[in-house]
Structure formats: C-alpha cells, structure tokens
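Visitor: So that we are looking at the same thing, I have put the structure below in structure tokens.
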Amino acid sequence: MAVTQGSLRSSVRVEPEEFSRRAAARLGEAATEHQILHGQAWIRVSANRLVDVVSTLHSDPELACDYLTFLSAVDWQQDGFELVVVLYSTVNEATIGVKVRLAAEGPSVPSITSVFGGAGWHERECAEMFGIHFEGHPNLKNLYLPDDFEGHPLRKDFRLASRAFKPWPGAKDPDEAAGGGR
Amino acid sequence: MGVVPEDLTRARLTGSGILRTEEMVLNIGPQHPATHGVLRVIVTLDGEKIVEGEPIIGYMHRGHEKLLEQRDFRQVTNLLSRMDWLSGINNEIPASIAVEKLMEIEVPRRAQYLRVILAEINRITNHLMFVGSFGLELGATTPVMYAFRERELLQSAMEMVTGGRMHFGFIRPGGLKEDIPRGFVDLALRGVRQLVKFIPDYENLMMGNEIFKQRTVGVGVLPPDLALNHGVSGPILRASGIPFDVRKADPYLVYPEFDFDVPVGRSGDSFDRYFVLMEEMKQSARIVEQALEGLPEGSHIGAVPKKLTLPEGEIYSRAENPLGELGYYLVSNGEAKPYRLKVRTPSFSNISVVPHMLRGAYVPDMIAILGSMFFVVGDIDR
C-alpha cells in the first residue's frame with residue numbers, strides 16, 4: 001500500500017553557496033571556475049577528469065548527486081563545443097552543473113554511463129545532434145535520426161533547410177514592421 | 001501410429017528440455033492505442049516472458065531545439081506548448097520564467113497567481129486524461145467516461161480564459177496575454193469542487209476493483225535508485241518513494257504561499273503510480289481553491305519592453321510539469337533569439353528507464369507498465 005505524506009527519504013536543504021564550497025573541497029583541482037548562477041552551482045572540468053568528477057559528485061555522501069537532470073551540448077563554433085551535465089541531489093536539494101569544453105574538430109569525451117546508466121539516451125542524442133563522440137558508450141547509435149542521416153542538425157553550420165530558401169515570413173521585430181509594429 | 005523417437009517421448013514425459021526452444025523477436029508499434037502517440041517497442045520473448053524490450057523513439061521528432069533557435073522570445077512560447085500537448089500552460093511557464101530572470105522583469109502578483117491557477121487546472125486535466133486512459137488500456141471502458149465528464153468542465157474554464165483547448169500560447173514573458181474574463185472564478189471553482197466530489201467514485205471504480213489490483217499491484221516495480229539514475233521525475237518517481245517535487249524543492253512562482261502535500265507511494269509499482277496521480281489531483285484542487293480565494297488585484301502583465309533582447313547569459317529554469325521535471329537550459333548571446341535552448345522533458349527521461357522495467361515481465365503486463373508510465377510521445381521526441 002501507499003502513503004500520502006511523510007517522505008521515506010529525508011532531505012535537508014543545502015544552500016547553493018554551501019554546496020558549491022563542499023564541491024570545491026571534495027573535487028580539489030579537478031574542478032575550476034566555481035560559479036553560482038541563479039541559485040545553482042556550476043563548475044568546469046577537463047574532459048579527461050569528467051568521469052572522476054561525476055563519480056565523486058554521485059557517490060560522495062556530502063554531495064550525493066543521485067539524480068541525472070540532463071546532459072547536452074552547446075556549439076560555440078570556432079571555440080569548440082560546451083558539454084553540459086546537470087545533476088541534482090535529492091538529499092541536499094541542490095543542483096550542480098558541470099561544463100566541459102571540447103575541441104571544435106573531432107570532439108570526443110568519455111561516456112558517463114558507467115556512473116549514470118540513464119545518461120545513455122542523452123549521450124546518443126548529443127552524439128547525433130552535435131557529432132560528439134562518447135568514448136566507452138555501450139551503444140552509440142542514432143536515437144532520433146535515421147541511420148543514414150548525414151550531418152549533425154544542432155551544429156550551427158547545419159542550416160535549417162526551409163530558412164535557407166525563404167526568410168521568416170512577416171516582420172520579426174516591431175522596429176522592422178511598417179509603422180513601427182503593433 | 002508412427003514410431004515416436006525415443007528422446008522426444010522422454011521430453012514429453014519429463015520436460016527435460018530436449019525440445020528446442022528459441023527466443024522470438026516481436027515488433028510492437030509504431031502505432032498502438034496504449035501509447036498516446038507513436039511509440040514503437042521491440043521485444044525479445046522467451047515464451048510469455050520479455051527478455052529484452054527496447055523502445056524505439058523518434059517517429060515524432062520535429063526538431064524543436066533547432067526551430068527554437070530561429071524564433072524570437074515571443075514566438076518560442078507557441079512552439080513549446082506543442083511538446084507535451086496535454087499540458088501546454090505548464091510547458092510555457094518555465095520558458096517565460098527564464099526570460100524574466102535574465103531580463104530582470106518583475107511579474108505582478110496577480111499574474112503569478114493566475115499562472116498557478118492555470119497550471120494546476122492544466123495539471124488536473126492532464127491527470128484526468130491518464131486516469132481515464134489507463135483504465136481503457138487495462139480493458140475498463142467506464143472510467144474514461146467519468147474522467148472526461150469532470151475534465152470537460154475544467155477544460156471549458158481553460159477555454160474561457162485562453163480561447164484554446166490544447167495549445168494555449170497564453171503565458172508571455174512578464175505575465176499573461178490577458179486578464180481572466182468575468183465568470184471564470186465561479187466556473188473554475190465549480191470545476192474543482194465537482195472533481196473533488198467525484199474522486200471517491202474513481203477510486204472505488206479503479207483502485208477498489210479486484211481485477212485492477214491484480215493487473216497492477218507488484219507489476220512494473222521501479223526501484224528508487226534506478227529511477228533517480230535515469231532522471232525519472234514527477235508522479236512516477238514519487239510513486240517509488242522519493243518526494244521530489246520542483247514546486248517544493250526549487251520553488252517558483254508563488255507556490256510557497258499555498259498549503260499542499262506531496263503524495264508519495266511506497267512500492268513503485270503500477271498501482272502506486274496510479275495512486276499518486278489520483279492524490280495529486282486532490283492537491284491541485286486545493287491549490288486552485290486557495291489561489292482563487294486569495295487572488296490579488298492588479299495587472300496581469302508587468303512592464304515588458306516591446307522588443308525582447310536578452311542580455312548575454314545562461315540559465316537553467318525548471319518547473320513541475322504534470323509528468324515530471326520540465327527544464328529549459330537557455331543560452332543567450334545577446335540577440336533577440338535564443339542561441340541555444342535545450343529542452344529537458346520529463347517523458348524523455350521517464351521512458352529511458354523502460355527497458356529495465358520490461359525485463360522479466362510478462363507480455364500482458366507490458367501494457368500495464370507502459371500505461372502507468374504516463375508519457376506523451378511529443379514530449380519524448382520534441
């Protein structure tokens with residue numbers, strides 16, 4: 001049977017500043033650029049330390065990031081790709097984002113599926129959309145796209161076909177529209 | 001009578017395994033009424049047991065994240081409400097919150113209250129859909145009729161305010177498109193009161209039903225650690241005993257001002273998931289009543305510049321969608337369009353755990369498991 005109230009796992013809210021300090025203490029020099037953005041802690045790590053860092057964030061009892069929020073990437077063109085992994089701790093009610101900068105040519109990063117099995121789909125999506133290789137992923141085939149699809153749609157140099165022919169119909173901004181917009 | 005080979009006779013008599021058995025691969029979908037969209041599952045069967053089940057997604061992939069990069073911030077709302085078509089308002093809210101936080105726009109309290117009211121009514125209509133359709137999937141045709149009777153009243157309240165029944169496009173950065181019309185408060189109150197009055201009927205009809213119990217109790221158990229590892233959220237995670245609710249854990253809008261509980265289950269089976277869904281409707285009804293009573297006067301939209309140009313920056317904004325955590329990771333490079341808008345949808349993470357749940361289950365239970373995972377395919381595929 002089920003219950004209505006009363007949690008089976010207790011959680012105590014840890015403020016983002018305190019959580020960020022804890023992460024800094026546990027991760028040492030593996031993490032750089034500690035930041036707090038809109039109530040969430042963010043760190044930067046290098047690609048070869050990613051699995052270690054995620055593993056520590058997951059299993060350290062003080063951090064206990066047990067929930068995989070998401071994994072994705074941003075294409076910064078000539079500045080490479082930014083891999084973003086966001087984790088959450090249901091024990092500490094705190095969020096931490098991990099950023100990894102990857103090369104613009106042949107981006108590759110170790111897979112975190114050994115720590116978060118649930119990252120499998122996220123990494124597959126990221127691989128097909130951005131062309132990022134995840135080393136050690138058990139099954140890195142396309143998730144959404146057909147197997148013979150060419151290109152990586154979320155890269156900035158992949159043009160949206162309909163917009164390549166025809167600009168967006170109608171004025172986008174009030175300034176552009178005749179008479180200064182609505 | 002022919003001659004029976006000796007070893008075959010022995011196999012018949014003793015079941016010694018000499019008869020050759022082999023696994024069968026069965027394709028289910030891409031269409032099935034139990035999937036709320038176009039999901040395909042490839043299952044490997046050993047007799048009636050599932051050895052391996054793999055959902056194949058992407059039949060509804062519309063490339064939302066690419067399209068969003070071509071739209072300005074007033075236009076993204078209309079795309080976002082099309083991801084999870086059962087809860088448009090809930091899809092729109094965190095996107096507007098992201099824009100408001102980056103631009104430091106203040107949202108009037110009346111607008112925040114109205115957002116909560118609309119979001120919770122939308123949560124109820126979403127839940128009623130699943131309460132009804134889960135019965136349908138298990139072969140009970142009556143519950144959906146009842147569920148749609150209550151749903152209609154609330155749906156018409158939504159229609160009265162927004163003019164739409166699915167794709168509302170009503171939440172704007174800074175507030176709402178319009179204020180509520182006269183008569184809405186009464187209609188919404190009538191809707192939630194009627195719902196609360198009839199919930200015991202649903203409970204008796206479904207959860208008190210012996211056949212329903214046999215189909216769901218102990219079926220599709222999702223252990224909490226596995227769920228967290230896959231980022232499963234919403235009623236499905238809470239049914240496994242984890243009280244994670246974004247409205248409480250990372251409060252937004254004016255949720256801290258309302259009194260409501262977070263229902264949790266204990267065993268994480270299909271029955272508990274259904275139970276949590278049912279309980280959440282009662283809690284949403286409580287919130288709607290409180291918000292309608294305390295609805296402040298004032299404007300429905302704050303001071304918003306005509307042209308929305310976001311400063312450079314980034315934000316991860318999340319909200320409790322009816323199906324779980326919905327988050328937008330917005331990166332702005334100072335233009336009128338998002339540089340990148342990653343959409344973290346609840347159904348995507350929730351369905352990624354399904355292969356683990358199907359392993360070892362029986363074929364007829366597959367429908368009970370998938371049906372109790374409460375997903376919208378548009379929300380998985382985006």
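So you can find residues: chains in the structure tokens are A, B, ... in the order shown, residues in each start at 1, and ligands are numbered from 1 in order.
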For the strand (DSSP E or B) assignment from backbone DSSP, which residues of stretch 51-153 of chain A qualify? Please present them as a PyMOL selection string.

Guide: chain A and resi 67-75+81-89+94-102+108-110+133-135

Visitor: Keeping only C-alpha atoms, write the selected residues as a PDB file, in the first residue's frame.

Guide:
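Written output follows (out.pdb):
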ATOM      1  CA  TYR A  67      19.535  12.431  -9.941  1.00  0.00           C
ATOM      2  CA  LEU A  68      20.620  12.980 -13.529  1.00  0.00           C
ATOM      3  CA  THR A  69      18.836  16.095 -14.726  1.00  0.00           C
ATOM      4  CA  PHE A  70      20.210  16.186 -18.266  1.00  0.00           C
ATOM      5  CA  LEU A  71      23.269  16.050 -20.489  1.00  0.00           C
ATOM      6  CA  SER A  72      23.594  18.183 -23.596  1.00  0.00           C
ATOM      7  CA  ALA A  73      25.896  20.498 -25.503  1.00  0.00           C
ATOM      8  CA  VAL A  74      26.217  23.986 -26.977  1.00  0.00           C
ATOM      9  CA  ASP A  75      28.029  24.649 -30.263  1.00  0.00           C
ATOM     10  CA  PHE A  81      31.657  22.616 -28.015  1.00  0.00           C
ATOM     11  CA  GLU A  82      30.500  23.001 -24.453  1.00  0.00           C
ATOM     12  CA  LEU A  83      29.267  19.756 -22.918  1.00  0.00           C
ATOM     13  CA  VAL A  84      26.820  20.436 -20.103  1.00  0.00           C
ATOM     14  CA  VAL A  85      25.880  17.873 -17.451  1.00  0.00           C
ATOM     15  CA  VAL A  86      23.405  18.930 -14.788  1.00  0.00           C
ATOM     16  CA  LEU A  87      22.967  16.824 -11.653  1.00  0.00           C
ATOM     17  CA  TYR A  88      20.677  17.220  -8.686  1.00  0.00           C
ATOM     18  CA  SER A  89      20.856  15.898  -5.158  1.00  0.00           C
ATOM     19  CA  ALA A  94      20.907  21.247  -4.550  1.00  0.00           C
ATOM     20  CA  THR A  95      21.752  21.457  -8.242  1.00  0.00           C
ATOM     21  CA  ILE A  96      25.184  21.406  -9.832  1.00  0.00           C
ATOM     22  CA  GLY A  97      26.096  21.933 -13.462  1.00  0.00           C
ATOM     23  CA  VAL A  98      29.318  20.577 -14.935  1.00  0.00           C
ATOM     24  CA  LYS A  99      30.778  22.125 -18.071  1.00  0.00           C
ATOM     25  CA  VAL A 100      33.422  20.581 -20.296  1.00  0.00           C
ATOM     26  CA  ARG A 101      34.983  22.420 -23.236  1.00  0.00           C
ATOM     27  CA  LEU A 102      35.637  20.187 -26.254  1.00  0.00           C
ATOM     28  CA  SER A 108      35.305  13.473 -28.004  1.00  0.00           C
ATOM     29  CA  VAL A 109      34.649  12.888 -24.318  1.00  0.00           C
ATOM     30  CA  PRO A 110      34.485   9.814 -22.049  1.00  0.00           C
ATOM     31  CA  HIS A 133      31.905  11.045 -29.694  1.00  0.00           C
ATOM     32  CA  PHE A 134      31.348   9.427 -26.296  1.00  0.00           C
ATOM     33  CA  GLU A 135      34.199   7.023 -25.555  1.00  0.00           C
TER      34      GLU A 135
END

Visitor: Taking only C-alpha atoms into account, produce a table as CSV in which each residue of chain B with an atom at most 7 Å from an atom of chain A appears once, together with its shortest atom pair and the distance in Å to one decimal, ordered by chain and rising number.

Guide:
residue,atom,partner,partner_atom,distance
B:Ile57,CA,A:Tyr144,CA,6.3
B:Gly58,CA,A:Tyr144,CA,4.2
B:His61,CA,A:Tyr144,CA,6.7
B:Lys66,CA,A:Leu154,CA,6.0
B:Leu228,CA,A:Tyr67,CA,4.6
B:Asn229,CA,A:Tyr67,CA,5.5
B:His230,CA,A:Gly118,CA,3.8
B:Gly231,CA,A:Leu68,CA,4.6
B:Gly241,CA,A:Leu8,CA,6.0
B:Ile242,CA,A:Arg9,CA,6.6
B:Pro243,CA,A:Ser7,CA,5.8
B:Phe244,CA,A:Thr90,CA,6.7
B:Ala249,CA,A:Glu93,CA,6.1
B:Asp261,CA,A:Gln5,CA,6.8
B:Val262,CA,A:Gln5,CA,6.6
B:Pro263,CA,A:Thr4,CA,4.6
B:Val264,CA,A:Thr4,CA,5.7
B:Gly265,CA,A:Ala2,CA,4.6
B:Arg266,CA,A:Ala2,CA,5.1
B:Asp272,CA,A:Ala2,CA,6.3
B:Lys307,CA,A:Asp173,CA,6.6
B:Ile315,CA,A:His38,CA,6.9
B:Arg340,CA,A:Val74,CA,6.7
B:Arg344,CA,A:Phe70,CA,6.5
B:Ser352,CA,A:Trp121,CA,6.8

Visitor: Using N, CA and C atoms, can you write the selected residues to a file as an mmCIF file, in the first residue's frame?

Guide:
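After the write, selection13.cif holds the following:
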data_model
loop_
_atom_site.group_PDB
_atom_site.id
_atom_site.type_symbol
_atom_site.label_atom_id
_atom_site.label_comp_id
_atom_site.auth_asym_id
_atom_site.auth_seq_id
_atom_site.Cartn_x
_atom_site.Cartn_y
_atom_site.Cartn_z
ATOM 1 N N ILE B 57 12.302 5.391 -30.340
ATOM 2 C CA ILE B 57 11.634 6.687 -30.355
ATOM 3 C C ILE B 57 12.065 7.479 -31.579
ATOM 4 N N GLY B 58 11.459 8.613 -31.787
ATOM 5 C CA GLY B 58 11.889 9.493 -32.870
ATOM 6 C C GLY B 58 10.882 9.613 -33.996
ATOM 7 N N HIS B 61 9.792 13.154 -33.927
ATOM 8 C CA HIS B 61 10.821 14.168 -33.730
ATOM 9 C C HIS B 61 10.606 15.315 -34.710
ATOM 10 N N LYS B 66 16.149 22.953 -32.820
ATOM 11 C CA LYS B 66 16.685 23.705 -33.959
ATOM 12 C C LYS B 66 15.737 24.842 -34.328
ATOM 13 N N LEU B 228 16.168 7.396 -10.064
ATOM 14 C CA LEU B 228 16.972 8.609 -9.944
ATOM 15 C C LEU B 228 18.120 8.600 -10.941
ATOM 16 N N ASN B 229 18.725 7.438 -11.115
ATOM 17 C CA ASN B 229 19.854 7.306 -12.026
ATOM 18 C C ASN B 229 19.476 7.680 -13.455
ATOM 19 N N HIS B 230 18.215 7.459 -13.812
ATOM 20 C CA HIS B 230 17.743 7.797 -15.151
ATOM 21 C C HIS B 230 17.069 9.163 -15.192
ATOM 22 N N GLY B 231 17.052 9.871 -14.071
ATOM 23 C CA GLY B 231 16.406 11.175 -14.062
ATOM 24 C C GLY B 231 14.896 11.095 -14.166
ATOM 25 N N GLY B 241 8.690 6.415 -3.938
ATOM 26 C CA GLY B 241 9.028 6.819 -2.578
ATOM 27 C C GLY B 241 9.936 8.013 -2.438
ATOM 28 N N ILE B 242 10.284 8.682 -3.544
ATOM 29 C CA ILE B 242 11.145 9.868 -3.453
ATOM 30 C C ILE B 242 10.261 11.112 -3.560
ATOM 31 N N PRO B 243 10.212 11.938 -2.505
ATOM 32 C CA PRO B 243 9.277 13.069 -2.531
ATOM 33 C C PRO B 243 9.817 14.291 -3.290
ATOM 34 N N PHE B 244 10.432 14.074 -4.442
ATOM 35 C CA PHE B 244 10.998 15.202 -5.200
ATOM 36 C C PHE B 244 9.912 15.864 -6.038
ATOM 37 N N ALA B 249 10.938 21.687 -3.941
ATOM 38 C CA ALA B 249 12.397 21.592 -3.847
ATOM 39 C C ALA B 249 13.092 22.830 -4.399
ATOM 40 N N ASP B 261 0.297 19.053 -0.043
ATOM 41 C CA ASP B 261 1.193 17.937 0.280
ATOM 42 C C ASP B 261 1.746 17.330 -0.992
ATOM 43 N N VAL B 262 2.846 16.611 -0.835
ATOM 44 C CA VAL B 262 3.413 15.867 -1.954
ATOM 45 C C VAL B 262 3.126 14.385 -1.717
ATOM 46 N N PRO B 263 2.179 13.821 -2.448
ATOM 47 C CA PRO B 263 1.863 12.407 -2.235
ATOM 48 C C PRO B 263 3.010 11.522 -2.734
ATOM 49 N N VAL B 264 3.344 10.515 -1.951
ATOM 50 C CA VAL B 264 4.354 9.555 -2.398
ATOM 51 C C VAL B 264 3.815 8.137 -2.258
ATOM 52 N N GLY B 265 4.353 7.254 -3.077
ATOM 53 C CA GLY B 265 3.995 5.840 -2.971
ATOM 54 C C GLY B 265 5.078 5.116 -2.205
ATOM 55 N N ARG B 266 4.908 3.816 -2.065
ATOM 56 C CA ARG B 266 5.903 3.082 -1.299
ATOM 57 C C ARG B 266 6.599 2.025 -2.146
ATOM 58 N N ASP B 272 0.830 2.008 -7.422
ATOM 59 C CA ASP B 272 1.256 3.205 -6.700
ATOM 60 C C ASP B 272 1.324 4.419 -7.621
ATOM 61 N N LYS B 307 10.545 45.122 -27.614
ATOM 62 C CA LYS B 307 11.448 44.169 -28.242
ATOM 63 C C LYS B 307 12.206 43.429 -27.143
ATOM 64 N N ILE B 315 20.871 30.260 -18.220
ATOM 65 C CA ILE B 315 20.052 29.924 -17.057
ATOM 66 C C ILE B 315 19.448 28.550 -17.269
ATOM 67 N N ARG B 340 20.887 28.967 -27.820
ATOM 68 C CA ARG B 340 20.621 27.544 -27.643
ATOM 69 C C ARG B 340 19.538 27.418 -26.587
ATOM 70 N N ARG B 344 14.662 19.950 -21.543
ATOM 71 C CA ARG B 344 14.748 18.705 -20.779
ATOM 72 C C ARG B 344 13.312 18.306 -20.455
ATOM 73 N N SER B 352 13.239 6.476 -20.700
ATOM 74 C CA SER B 352 14.551 5.859 -20.864
ATOM 75 C C SER B 352 14.772 4.700 -19.881
#

Visitor: Might you pull out every residue within 6 Å of stretch 320-333 of chain B, with only C-alpha atoms counted and same-chain residues fewer than 4 positions away left off, and present them as an NGL selection string?

Guide: :B and (90 or 123 or 233-234 or 246 or 312-316 or 338-346)

Visitor: Please produce a file of those selected residues containing C-alpha atoms, as a tab-separated table (two decimals), in the first residue's frame.

Guide:
chain	number	residue	atom	x	y	z
B	90	ASN	CA	2.91	24.08	-17.92
B	123	ARG	CA	-2.33	19.50	-14.23
B	233	SER	CA	10.70	12.54	-12.08
B	234	GLY	CA	7.12	13.52	-11.38
B	246	VAL	CA	10.10	21.02	-8.07
B	312	GLU	CA	24.31	37.60	-22.66
B	313	GLY	CA	23.99	34.83	-20.15
B	314	GLU	CA	22.62	31.44	-19.37
B	315	ILE	CA	20.05	29.92	-17.06
B	316	TYR	CA	18.58	26.54	-16.26
B	338	PRO	CA	17.95	32.05	-28.14
B	339	TYR	CA	21.49	30.94	-29.05
B	340	ARG	CA	20.62	27.54	-27.64
B	341	LEU	CA	17.54	26.32	-25.87
B	342	LYS	CA	17.93	22.79	-24.58
B	343	VAL	CA	14.64	21.26	-23.54
B	344	ARG	CA	14.75	18.70	-20.78
B	345	THR	CA	11.40	16.96	-20.96
B	346	PRO	CA	10.05	14.62	-18.28

Visitor: Closest to A:Trp42 among A:Gly151, A:Pro138, A:Pro107, A:Pro16, using only C-alpha atoms?

Guide: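 Nearest candidate to A:Trp42 out of A:Gly151, A:Pro138, A:Pro107, A:Pro16: A:Pro16.
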
Visitor: Set the distance at 10 Å and use only C-alpha atoms: which residues neighbour B:Leu79 once local chain neighbours fewer than 5 positions away are removed? I'd like the list as a ChimeraX atom specification.

Guide: /B:64-65,67-68,71,88,91-92,167,169,382

Visitor: Do you know which residues are at most 12 Å from B:Ala188 counting only C-alpha atoms, after dropping those on the same chain fewer than 4 positions away, and could you put them as number ranges by chain?

Guide: B: 114, 117-118, 120-122, 124, 150-161, 180-184, 192-195, 285, 287-293

Visitor: Leaving out B:Thr216 and any residue of its chain fewer than 6 positions from it, which residues lie within 8 Å of it when counting only C-alpha atoms, given as JSON, numbers by chain?

Guide: {"B": [269, 270, 271, 368]}

Visitor: Generate a file of the selected residues that holds N, CA and C atoms, formatted as a PDB file, in the first residue's frame.

Guide:
ATOM      1  N   ASP B 269       5.166   0.383  -7.837  1.00  0.00           N
ATOM      2  CA  ASP B 269       4.549  -0.446  -8.872  1.00  0.00           C
ATOM      3  C   ASP B 269       3.477   0.352  -9.621  1.00  0.00           C
ATOM      4  N   SER B 270       2.840  -0.285 -10.596  1.00  0.00           N
ATOM      5  CA  SER B 270       1.856   0.418 -11.414  1.00  0.00           C
ATOM      6  C   SER B 270       0.710   0.960 -10.563  1.00  0.00           C
ATOM      7  N   PHE B 271       0.331   0.211  -9.536  1.00  0.00           N
ATOM      8  CA  PHE B 271      -0.760   0.645  -8.674  1.00  0.00           C
ATOM      9  C   PHE B 271      -0.393   1.945  -7.957  1.00  0.00           C
ATOM     10  N   ALA B 368       0.252  -2.696 -19.018  1.00  0.00           N
ATOM     11  CA  ALA B 368       0.043  -2.092 -17.694  1.00  0.00           C
ATOM     12  C   ALA B 368       1.255  -1.243 -17.305  1.00  0.00           C
TER      13      ALA B 368
END

Visitor: Mind listing the alpha helix (DSSP H) residues of stretch 10-157 of chain B, per DSSP on the backbone, as a ChimeraX atom specification?

Guide: /B:10-14,64-68,76-80,88-103,109-137,142-157

Visitor: May I ask for the distance between atom CA of B:Ile211 and atom CA of B:Phe198, given in Å to one decimal place?

Guide: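 Atom CA of B:Phe198 lies at a distance of 21.2 Å from atom CA of B:Ile211.
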
Visitor: I'd like the interatomic distance between atom CA of B:Ile367 and atom CA of B:Arg273, to a tenth of an Å.

Guide: 14.1 Å

Visitor: Just the number, please: distance in Å from atom CA of B:Lys337 to atom CA of B:Thr309, one decimal.

Guide: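 These two atoms are separated by 7.7 Å.
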
Visitor: Could you tell me which of B:Val185, B:Leu136, B:Leu370, B:Leu253 comes closest to B:Gly220 if we count only C-alpha atoms?

Guide: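 Looking at the shortest contact to B:Gly220, the residue is B:Leu370.
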
Visitor: Tell me which of B:Phe275, B:Phe212, B:Phe168, B:Tyr59 sits closest to B:Asp84, counting only C-alpha atoms.

Guide: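 Of the candidates, the smallest distance to B:Asp84 is held by B:Phe168.
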